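These notes concern the structure reproduced below.
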Amino acid sequence: MQQRIGFIGLGNIGRPMAVNLLRRGYRMAVYDARPEAVVGLERLGAKIATSVSEVAAQADLIAIAVVDDAQLEAVMLDAGGVLEAAAPGTIVAVHSTVSPAICRILGEQCARRGVRLVDAPVSGAESGAIAGTLTLLAGGEERDVDACREVFYVVGYRVFHLGPIGAGQVAKICNNLMFTVNLRAAFEALRLADAAGLDETLFREIAAESTASSWALTNIEAMRELIDDRRQSRDAVEIGNKDLSLAAALGESLDVDTPIAAFISALQRT
């Protein structure tokens, strides 16, 4: 029997993920605190829920794509939240980038209720979410990750099972640290090359075929478009700083220095 999907959080990443699942024919209930986020999904077959609990009560697999630890904790644990309404055996897949610690805490809470949690943050940006080519970094019990794979391979094309709950978040946090540093370095290098009179197109071709090659450089135009959109730029900087804070906190918990994360975070706040 095909899984019934609940999707909570329909932002730039969550909404295209939900759209791809709907187009594949999954039965789905969706919820977002912003009414505009669900516009048009009913035409694709989604049931528009009016609460988190309504989603949780009718789903075998609940996908969550909210912004941060606080939102995730509220969605899961508040009155009328997922844990209050989800039936035993339900799987919760956390696609948000949050701390490994909150995933472990929620995993313990879920286990007490017979609910199974997988942390499965995604990488690939909005373009990857639209194209269905995300990479999913999963942490959790093997049987639980395996139970999600059919759905995961609709929204993405690579699924890595990295270990217990929280392992997916560790990988995502480290990935985002590398990406953010690469992006800031790419912008700075291109400004420097331009000021020195180098043709940008030629220099980007050189860098792409040299040791400076990176996803950030390859997708630099998309990053520029995002920055030119003031609302999206503000949101992206806030999310980027949140991710850098997660890296710093993870480093502190492991007694590993992360001075570059601290430096880039301070730079982006100026």
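Ordering of the structure tokens sets the chain letters (A, B, ...); residue numbers start at 1 within each chain; ligands are numbered from 1 in the order shown.
The list of residues with at least one atom within 6 Å of Pro88 of chain A, based on only C-alpha atoms and without residues fewer than 2 positions apart in the same chain, reads Thr90, Gly114 and Val115 of chain A.
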Write the residues you've just listed into a file as a PDB file, in the first residue's frame, and include C-alpha atoms for each of them.
ATOM      1  CA  THR A  90       4.406   6.603  12.020  1.00  0.00           C
ATOM      2  CA  GLY A 114       6.146   4.321  19.261  1.00  0.00           C
ATOM      3  CA  VAL A 115       6.904   6.905  16.558  1.00  0.00           C
TER       4      VAL A 115
END
If you run DSSP over the backbone, which residues in segment 132-246 of chain A end up strand (DSSP E or B)? Put them as a VMD selection string. chain A and resid 134 to 139 156 to 163
Find the spatial neighbours of segment 248-252 of chain A, counting only C-alpha atoms, within a cut-off of 9 Å - ignore same-chain residues fewer than 5 positions away - and output them as number ranges by chain. A: 99-100, 170, 173, 243, 257-259, 261-262
Spatial neighbours of segment 20-33 of chain A, 6 Å, only C-alpha atoms, chain gap at least 3 places, as JSON, numbers by chain: {"A": [4, 5, 6, 7, 8, 9, 10, 17, 46, 47, 48, 49, 55]}
Find the residues near Ala79 of chain A: any atom within 12 Å, counting only C-alpha atoms, skip ones fewer than 5 places away on the same chain, and give them as a CSV table (one decimal) with C-alpha atoms, in the first residue's frame.
chain,number,residue,atom,x,y,z
A,51,SER,CA,-3.3,22.2,11.7
A,52,VAL,CA,-0.2,20.2,12.3
A,53,SER,CA,-2.3,17.6,14.2
A,73,GLU,CA,10.4,21.5,18.5
A,74,ALA,CA,7.1,23.4,18.4
A,84,GLU,CA,0.2,14.2,20.2
A,85,ALA,CA,-1.6,13.1,17.0
Would you list the contacts of segment 120-122 of chain A as number ranges by chain, taking every protein, DNA or RNA residue within 10 Å and counting only C-alpha atoms, but skipping same-chain residues closer than 5 positions in sequence? A: 13, 63-65, 92-98, 128-129, 133-140, 145, 148, 152, 155-156, 158-162, 165-173
As an exercise, work out the distance from atom CA of Leu254 of chain A to atom CA of Ile102 of chain A in Å and give it to one decimal place. 15.8 Å
What's the 7 Å shell around Leu190 of chain A, counting only C-alpha atoms, without same-chain residues fewer than 4 positions away, as number ranges by chain? A: 186, 194, 200
